[in-house]
Amino acid sequence: MRLLFLRLALAVVSVGAVAKAQTVSCSSEDGSKKYCAADTKQGVQLRKQKSDAPCRQGESWGFDDRGIWVDHGCGGDFTLGAAVRADGGKIVSCASDGGRAYCDVSTSRGVRLAKQKSDAPCKQGSSWGYDGLGIWVDQGCSGDFVIGGAAAHTDTPVADSADAEKKTKDKTCLQSAGKARADQLVKQCLQVSPATRPPCNAQNSCELIADEIRRSCALLGLDAPSFCNGYK
């Protein structure tokens, strides 16, 4: 009985250790590829970009059985494993130091603010939002966001949230993501789009451009460039 109790206790500790998300900082300070040791079996999420150079999964960061890798000057905090709500939605933390920051996640299933963690207000369409590049936060907003799943708790009324989301979609990619991000998205779009007049223009919404990249990458299949891994 004592041996059985010890085994059960160890199992509980083990489950608790897995459930608790760990954060690993990793930076490509000299612009070259670098590995940071980490247990990546449960997956990895970019929690916070800390570099001026963009961190884009499959292009300037990724992970494999060796750990987390960063390249092209990308630096950030990475969360091991993925927290999941009971309703099936995945929880992602995203924080702004005052300026705009992106958290690279798939937003095709929608995003809701679950918990504000900053003193600065998090207001959708103003200090946070999402597009084809991921979740963005600005003006010091920091919080936990739910990706997909059933409708999550939000401090923003449903009507206000819908209006804010519409305003975000009405903005050009240049307005919503800034020149560096918009230029990167347009460059990737032009590289893979087979259309004679593709929507690879910074005056379109980031979501429209990202959708074209996602569609084009799927058409290319195994011949797709490495950055396509971030659009699956």
# chains A, B, ... in the order shown; residues from 1 in each chain; ligands from 1

$ select_by_dssp --residues "region 37-190 of chain A" --states "alpha helix (DSSP H)" --output "ChimeraX atom specification"
/A:158-170,173-177,179-190

$ write_last_selection --atoms "N, CA and C atoms" --output "PDB file, in the first residue's frame"
ATOM      1  N   VAL A 158     -19.947  42.380 -26.082  1.00  0.00           N
ATOM      2  CA  VAL A 158     -19.974  41.726 -27.381  1.00  0.00           C
ATOM      3  C   VAL A 158     -20.133  42.732 -28.507  1.00  0.00           C
ATOM      4  N   ALA A 159     -21.030  43.698 -28.355  1.00  0.00           N
ATOM      5  CA  ALA A 159     -21.266  44.688 -29.411  1.00  0.00           C
ATOM      6  C   ALA A 159     -20.008  45.513 -29.663  1.00  0.00           C
ATOM      7  N   ASP A 160     -19.356  45.977 -28.576  1.00  0.00           N
ATOM      8  CA  ASP A 160     -18.140  46.765 -28.718  1.00  0.00           C
ATOM      9  C   ASP A 160     -17.035  45.947 -29.352  1.00  0.00           C
ATOM     10  N   SER A 161     -16.949  44.661 -28.955  1.00  0.00           N
ATOM     11  CA  SER A 161     -15.922  43.774 -29.503  1.00  0.00           C
ATOM     12  C   SER A 161     -16.104  43.607 -31.001  1.00  0.00           C
ATOM     13  N   ALA A 162     -17.334  43.421 -31.443  1.00  0.00           N
ATOM     14  CA  ALA A 162     -17.605  43.247 -32.872  1.00  0.00           C
ATOM     15  C   ALA A 162     -17.248  44.507 -33.640  1.00  0.00           C
ATOM     16  N   ASP A 163     -17.583  45.680 -33.075  1.00  0.00           N
ATOM     17  CA  ASP A 163     -17.265  46.944 -33.735  1.00  0.00           C
ATOM     18  C   ASP A 163     -15.756  47.140 -33.847  1.00  0.00           C
ATOM     19  N   ALA A 164     -15.049  46.794 -32.753  1.00  0.00           N
ATOM     20  CA  ALA A 164     -13.592  46.952 -32.747  1.00  0.00           C
ATOM     21  C   ALA A 164     -12.943  46.023 -33.753  1.00  0.00           C
ATOM     22  N   GLU A 165     -13.465  44.793 -33.838  1.00  0.00           N
ATOM     23  CA  GLU A 165     -12.915  43.828 -34.787  1.00  0.00           C
ATOM     24  C   GLU A 165     -13.137  44.300 -36.219  1.00  0.00           C
ATOM     25  N   LYS A 166     -14.303  44.887 -36.486  1.00  0.00           N
ATOM     26  CA  LYS A 166     -14.600  45.390 -37.825  1.00  0.00           C
ATOM     27  C   LYS A 166     -13.660  46.542 -38.179  1.00  0.00           C
ATOM     28  N   LYS A 167     -13.416  47.435 -37.206  1.00  0.00           N
ATOM     29  CA  LYS A 167     -12.518  48.554 -37.461  1.00  0.00           C
ATOM     30  C   LYS A 167     -11.112  48.071 -37.761  1.00  0.00           C
ATOM     31  N   THR A 168     -10.672  47.018 -37.039  1.00  0.00           N
ATOM     32  CA  THR A 168      -9.344  46.471 -37.276  1.00  0.00           C
ATOM     33  C   THR A 168      -9.241  45.900 -38.678  1.00  0.00           C
ATOM     34  N   LYS A 169     -10.278  45.169 -39.122  1.00  0.00           N
ATOM     35  CA  LYS A 169     -10.266  44.573 -40.451  1.00  0.00           C
ATOM     36  C   LYS A 169     -10.335  45.634 -41.538  1.00  0.00           C
ATOM     37  N   ASP A 170     -10.955  46.801 -41.230  1.00  0.00           N
ATOM     38  CA  ASP A 170     -11.072  47.863 -42.213  1.00  0.00           C
ATOM     39  C   ASP A 170      -9.752  48.591 -42.424  1.00  0.00           C
ATOM     40  N   CYS A 173      -3.006  46.918 -43.936  1.00  0.00           N
ATOM     41  CA  CYS A 173      -1.963  46.196 -43.203  1.00  0.00           C
ATOM     42  C   CYS A 173      -0.888  47.160 -42.716  1.00  0.00           C
ATOM     43  N   LEU A 174      -0.622  48.190 -43.522  1.00  0.00           N
ATOM     44  CA  LEU A 174       0.365  49.194 -43.142  1.00  0.00           C
ATOM     45  C   LEU A 174      -0.062  49.922 -41.876  1.00  0.00           C
ATOM     46  N   GLN A 175      -1.348  50.207 -41.758  1.00  0.00           N
ATOM     47  CA  GLN A 175      -1.864  50.921 -40.586  1.00  0.00           C
ATOM     48  C   GLN A 175      -1.895  50.030 -39.348  1.00  0.00           C
ATOM     49  N   SER A 176      -2.319  48.773 -39.525  1.00  0.00           N
ATOM     50  CA  SER A 176      -2.529  47.905 -38.364  1.00  0.00           C
ATOM     51  C   SER A 176      -1.259  47.220 -37.877  1.00  0.00           C
ATOM     52  N   ALA A 177      -0.307  46.950 -38.783  1.00  0.00           N
ATOM     53  CA  ALA A 177       0.886  46.185 -38.390  1.00  0.00           C
ATOM     54  C   ALA A 177       2.173  46.982 -38.443  1.00  0.00           C
ATOM     55  N   LYS A 179       5.081  49.385 -40.906  1.00  0.00           N
ATOM     56  CA  LYS A 179       5.761  49.196 -42.188  1.00  0.00           C
ATOM     57  C   LYS A 179       6.587  47.912 -42.243  1.00  0.00           C
ATOM     58  N   ALA A 180       7.360  47.624 -41.192  1.00  0.00           N
ATOM     59  CA  ALA A 180       8.246  46.450 -41.218  1.00  0.00           C
ATOM     60  C   ALA A 180       7.452  45.161 -41.376  1.00  0.00           C
ATOM     61  N   ARG A 181       6.379  45.024 -40.588  1.00  0.00           N
ATOM     62  CA  ARG A 181       5.549  43.815 -40.654  1.00  0.00           C
ATOM     63  C   ARG A 181       4.812  43.724 -41.988  1.00  0.00           C
ATOM     64  N   ALA A 182       4.287  44.850 -42.424  1.00  0.00           N
ATOM     65  CA  ALA A 182       3.540  44.857 -43.682  1.00  0.00           C
ATOM     66  C   ALA A 182       4.450  44.495 -44.850  1.00  0.00           C
ATOM     67  N   ASP A 183       5.664  45.065 -44.861  1.00  0.00           N
ATOM     68  CA  ASP A 183       6.617  44.765 -45.933  1.00  0.00           C
ATOM     69  C   ASP A 183       6.986  43.284 -45.940  1.00  0.00           C
ATOM     70  N   GLN A 184       7.154  42.712 -44.746  1.00  0.00           N
ATOM     71  CA  GLN A 184       7.500  41.287 -44.655  1.00  0.00           C
ATOM     72  C   GLN A 184       6.371  40.422 -45.204  1.00  0.00           C
ATOM     73  N   LEU A 185       5.151  40.773 -44.855  1.00  0.00           N
ATOM     74  CA  LEU A 185       3.990  40.000 -45.302  1.00  0.00           C
ATOM     75  C   LEU A 185       3.832  40.084 -46.821  1.00  0.00           C
ATOM     76  N   VAL A 186       3.999  41.289 -47.368  1.00  0.00           N
ATOM     77  CA  VAL A 186       3.881  41.483 -48.813  1.00  0.00           C
ATOM     78  C   VAL A 186       4.975  40.710 -49.550  1.00  0.00           C
ATOM     79  N   LYS A 187       6.199  40.733 -49.031  1.00  0.00           N
ATOM     80  CA  LYS A 187       7.315  40.018 -49.657  1.00  0.00           C
ATOM     81  C   LYS A 187       7.040  38.521 -49.710  1.00  0.00           C
ATOM     82  N   GLN A 188       6.527  37.964 -48.607  1.00  0.00           N
ATOM     83  CA  GLN A 188       6.209  36.541 -48.573  1.00  0.00           C
ATOM     84  C   GLN A 188       5.077  36.212 -49.537  1.00  0.00           C
ATOM     85  N   CYS A 189       4.096  37.083 -49.585  1.00  0.00           N
ATOM     86  CA  CYS A 189       2.942  36.873 -50.465  1.00  0.00           C
ATOM     87  C   CYS A 189       3.374  36.841 -51.925  1.00  0.00           C
ATOM     88  N   LEU A 190       4.196  37.799 -52.327  1.00  0.00           N
ATOM     89  CA  LEU A 190       4.675  37.861 -53.708  1.00  0.00           C
ATOM     90  C   LEU A 190       5.518  36.649 -54.072  1.00  0.00           C
TER      91      LEU A 190
END

$ residues_around --residues "Ile147 (chain A)" --least-positions-apart "3" --cutoff "9 Å" --atoms "only C-alpha atoms" --output "ChimeraX atom specification"
/A:88-92,105-112

$ residues_around --residues "Val44 (chain A)" --least-positions-apart "5" --cutoff "8 Å" --atoms "only C-alpha atoms" --output "JSON list (two decimals) with C-alpha atoms, in the first residue's frame"
[["chain", "number", "residue", "atom", "x", "y", "z"],
["A", 63, "PHE", "CA", 11.80, 24.05, -32.41],
["A", 78, "PHE", "CA", 9.09, 31.12, -25.33],
["A", 79, "THR", "CA", 6.53, 29.10, -23.40],
["A", 80, "LEU", "CA", 6.92, 25.32, -23.32],
["A", 81, "GLY", "CA", 3.67, 23.43, -23.75],
["A", 82, "ALA", "CA", 0.28, 25.00, -24.39]]

$ closest_atom_pairs --of "region 50-84 of chain A" --to "region 22-31 of chain A" --cutoff "7 Å" --atoms "only C-alpha atoms" --output "JSON lines"
{"residue": "A:Val70", "atom": "CA", "partner": "A:Ser28", "partner_atom": "CA", "distance": 5.6}
{"residue": "A:Asp71", "atom": "CA", "partner": "A:Ser28", "partner_atom": "CA", "distance": 5.4}
{"residue": "A:His72", "atom": "CA", "partner": "A:Gly31", "partner_atom": "CA", "distance": 4.4}
{"residue": "A:Gly73", "atom": "CA", "partner": "A:Gly31", "partner_atom": "CA", "distance": 4.2}
{"residue": "A:Cys74", "atom": "CA", "partner": "A:Ser28", "partner_atom": "CA", "distance": 5.5}
{"residue": "A:Gly75", "atom": "CA", "partner": "A:Ser27", "partner_atom": "CA", "distance": 3.8}
{"residue": "A:Gly76", "atom": "CA", "partner": "A:Ser25", "partner_atom": "CA", "distance": 5.8}
{"residue": "A:Asp77", "atom": "CA", "partner": "A:Ser25", "partner_atom": "CA", "distance": 4.4}
{"residue": "A:Phe78", "atom": "CA", "partner": "A:Val24", "partner_atom": "CA", "distance": 5.1}
{"residue": "A:Thr79", "atom": "CA", "partner": "A:Thr23", "partner_atom": "CA", "distance": 4.5}
{"residue": "A:Leu80", "atom": "CA", "partner": "A:Gln22", "partner_atom": "CA", "distance": 5.3}

$ atom_distance --atom1 "CA of Ala202 (chain A)" --atom2 "CA of Gly178 (chain A)"
9.6 Å

$ residues_around --residues "Asp144 (chain A)" --least-positions-apart "5" --cutoff "9 Å" --atoms "only C-alpha atoms" --output "ChimeraX atom specification"
/A:91-95,112-117

$ atom_distance --atom1 "CA of Asp131 (chain A)" --atom2 "CA of Ala218 (chain A)"
19.1 Å

$ atom_distance --atom1 "CA of Pro121 (chain A)" --atom2 "CA of Lys171 (chain A)"
21.4 Å

$ closest_atom_pairs --of "region 95-128 of chain A" --to "region 52-59 of chain A" --cutoff "9 Å" --atoms "only C-alpha atoms" --output "JSON lines"
{"residue": "A:Tyr102", "atom": "CA", "partner": "A:Cys55", "partner_atom": "CA", "distance": 8.6}
{"residue": "A:Cys103", "atom": "CA", "partner": "A:Cys55", "partner_atom": "CA", "distance": 8.7}
{"residue": "A:Asp104", "atom": "CA", "partner": "A:Arg56", "partner_atom": "CA", "distance": 6.7}
{"residue": "A:Val105", "atom": "CA", "partner": "A:Gln57", "partner_atom": "CA", "distance": 8.8}

$ decode --residues "region 183-213 of chain A" --atoms "N, CA and C atoms" --output "PDB file, in the first residue's frame"
ATOM      1  N   ASP A 183       5.664  45.065 -44.861  1.00  0.00           N
ATOM      2  CA  ASP A 183       6.617  44.765 -45.933  1.00  0.00           C
ATOM      3  C   ASP A 183       6.986  43.284 -45.940  1.00  0.00           C
ATOM      4  N   GLN A 184       7.154  42.712 -44.746  1.00  0.00           N
ATOM      5  CA  GLN A 184       7.500  41.287 -44.655  1.00  0.00           C
ATOM      6  C   GLN A 184       6.371  40.422 -45.204  1.00  0.00           C
ATOM      7  N   LEU A 185       5.151  40.773 -44.855  1.00  0.00           N
ATOM      8  CA  LEU A 185       3.990  40.000 -45.302  1.00  0.00           C
ATOM      9  C   LEU A 185       3.832  40.084 -46.821  1.00  0.00           C
ATOM     10  N   VAL A 186       3.999  41.289 -47.368  1.00  0.00           N
ATOM     11  CA  VAL A 186       3.881  41.483 -48.813  1.00  0.00           C
ATOM     12  C   VAL A 186       4.975  40.710 -49.550  1.00  0.00           C
ATOM     13  N   LYS A 187       6.199  40.733 -49.031  1.00  0.00           N
ATOM     14  CA  LYS A 187       7.315  40.018 -49.657  1.00  0.00           C
ATOM     15  C   LYS A 187       7.040  38.521 -49.710  1.00  0.00           C
ATOM     16  N   GLN A 188       6.527  37.964 -48.607  1.00  0.00           N
ATOM     17  CA  GLN A 188       6.209  36.541 -48.573  1.00  0.00           C
ATOM     18  C   GLN A 188       5.077  36.212 -49.537  1.00  0.00           C
ATOM     19  N   CYS A 189       4.096  37.083 -49.585  1.00  0.00           N
ATOM     20  CA  CYS A 189       2.942  36.873 -50.465  1.00  0.00           C
ATOM     21  C   CYS A 189       3.374  36.841 -51.925  1.00  0.00           C
ATOM     22  N   LEU A 190       4.196  37.799 -52.327  1.00  0.00           N
ATOM     23  CA  LEU A 190       4.675  37.861 -53.708  1.00  0.00           C
ATOM     24  C   LEU A 190       5.518  36.649 -54.072  1.00  0.00           C
ATOM     25  N   GLN A 191       6.182  36.090 -53.060  1.00  0.00           N
ATOM     26  CA  GLN A 191       7.051  34.940 -53.310  1.00  0.00           C
ATOM     27  C   GLN A 191       6.272  33.673 -53.638  1.00  0.00           C
ATOM     28  N   VAL A 192       5.062  33.527 -53.078  1.00  0.00           N
ATOM     29  CA  VAL A 192       4.340  32.259 -53.251  1.00  0.00           C
ATOM     30  C   VAL A 192       3.044  32.362 -54.050  1.00  0.00           C
ATOM     31  N   SER A 193       2.479  33.543 -54.180  1.00  0.00           N
ATOM     32  CA  SER A 193       1.164  33.661 -54.818  1.00  0.00           C
ATOM     33  C   SER A 193       1.239  33.412 -56.325  1.00  0.00           C
ATOM     34  N   PRO A 194       0.382  32.520 -56.855  1.00  0.00           N
ATOM     35  CA  PRO A 194       0.364  32.239 -58.290  1.00  0.00           C
ATOM     36  C   PRO A 194      -0.554  33.195 -59.060  1.00  0.00           C
ATOM     37  N   ALA A 195      -1.275  34.045 -58.362  1.00  0.00           N
ATOM     38  CA  ALA A 195      -2.239  34.932 -59.015  1.00  0.00           C
ATOM     39  C   ALA A 195      -1.540  35.981 -59.868  1.00  0.00           C
ATOM     40  N   THR A 196      -2.156  36.337 -60.990  1.00  0.00           N
ATOM     41  CA  THR A 196      -1.569  37.353 -61.859  1.00  0.00           C
ATOM     42  C   THR A 196      -1.669  38.738 -61.231  1.00  0.00           C
ATOM     43  N   ARG A 197      -2.716  38.951 -60.448  1.00  0.00           N
ATOM     44  CA  ARG A 197      -2.855  40.209 -59.707  1.00  0.00           C
ATOM     45  C   ARG A 197      -3.159  39.859 -58.253  1.00  0.00           C
ATOM     46  N   PRO A 198      -2.155  39.352 -57.535  1.00  0.00           N
ATOM     47  CA  PRO A 198      -2.381  38.878 -56.162  1.00  0.00           C
ATOM     48  C   PRO A 198      -2.674  40.031 -55.203  1.00  0.00           C
ATOM     49  N   PRO A 199      -3.356  39.742 -54.113  1.00  0.00           N
ATOM     50  CA  PRO A 199      -3.665  40.781 -53.127  1.00  0.00           C
ATOM     51  C   PRO A 199      -2.470  41.075 -52.220  1.00  0.00           C
ATOM     52  N   CYS A 200      -1.275  41.019 -52.801  1.00  0.00           N
ATOM     53  CA  CYS A 200      -0.050  41.241 -52.021  1.00  0.00           C
ATOM     54  C   CYS A 200       0.285  42.724 -52.007  1.00  0.00           C
ATOM     55  N   ASN A 201      -0.504  43.474 -51.278  1.00  0.00           N
ATOM     56  CA  ASN A 201      -0.364  44.918 -51.247  1.00  0.00           C
ATOM     57  C   ASN A 201      -0.611  45.401 -49.823  1.00  0.00           C
ATOM     58  N   ALA A 202       0.271  46.238 -49.322  1.00  0.00           N
ATOM     59  CA  ALA A 202       0.164  46.718 -47.943  1.00  0.00           C
ATOM     60  C   ALA A 202      -1.084  47.554 -47.705  1.00  0.00           C
ATOM     61  N   GLN A 203      -1.775  47.966 -48.785  1.00  0.00           N
ATOM     62  CA  GLN A 203      -3.011  48.726 -48.629  1.00  0.00           C
ATOM     63  C   GLN A 203      -4.209  47.815 -48.374  1.00  0.00           C
ATOM     64  N   ASN A 204      -4.014  46.508 -48.559  1.00  0.00           N
ATOM     65  CA  ASN A 204      -5.037  45.538 -48.174  1.00  0.00           C
ATOM     66  C   ASN A 204      -4.876  45.224 -46.700  1.00  0.00           C
ATOM     67  N   SER A 205      -5.845  44.526 -46.117  1.00  0.00           N
ATOM     68  CA  SER A 205      -5.735  44.144 -44.706  1.00  0.00           C
ATOM     69  C   SER A 205      -4.709  43.023 -44.563  1.00  0.00           C
ATOM     70  N   CYS A 206      -4.077  42.947 -43.398  1.00  0.00           N
ATOM     71  CA  CYS A 206      -3.103  41.889 -43.133  1.00  0.00           C
ATOM     72  C   CYS A 206      -3.768  40.518 -43.245  1.00  0.00           C
ATOM     73  N   GLU A 207      -5.021  40.449 -42.818  1.00  0.00           N
ATOM     74  CA  GLU A 207      -5.747  39.178 -42.857  1.00  0.00           C
ATOM     75  C   GLU A 207      -5.921  38.689 -44.293  1.00  0.00           C
ATOM     76  N   LEU A 208      -6.220  39.625 -45.208  1.00  0.00           N
ATOM     77  CA  LEU A 208      -6.397  39.262 -46.613  1.00  0.00           C
ATOM     78  C   LEU A 208      -5.079  38.757 -47.212  1.00  0.00           C
ATOM     79  N   ILE A 209      -3.986  39.440 -46.908  1.00  0.00           N
ATOM     80  CA  ILE A 209      -2.678  39.037 -47.428  1.00  0.00           C
ATOM     81  C   ILE A 209      -2.277  37.682 -46.860  1.00  0.00           C
ATOM     82  N   ALA A 210      -2.481  37.499 -45.548  1.00  0.00           N
ATOM     83  CA  ALA A 210      -2.116  36.237 -44.904  1.00  0.00           C
ATOM     84  C   ALA A 210      -2.942  35.073 -45.458  1.00  0.00           C
ATOM     85  N   ASP A 211      -4.204  35.317 -45.751  1.00  0.00           N
ATOM     86  CA  ASP A 211      -5.053  34.270 -46.333  1.00  0.00           C
ATOM     87  C   ASP A 211      -4.530  33.836 -47.700  1.00  0.00           C
ATOM     88  N   GLU A 212      -4.038  34.811 -48.485  1.00  0.00           N
ATOM     89  CA  GLU A 212      -3.470  34.501 -49.797  1.00  0.00           C
ATOM     90  C   GLU A 212      -2.182  33.671 -49.645  1.00  0.00           C
ATOM     91  N   ILE A 213      -1.362  34.025 -48.654  1.00  0.00           N
ATOM     92  CA  ILE A 213      -0.138  33.260 -48.391  1.00  0.00           C
ATOM     93  C   ILE A 213      -0.488  31.841 -47.975  1.00  0.00           C
TER      94      ILE A 213
END
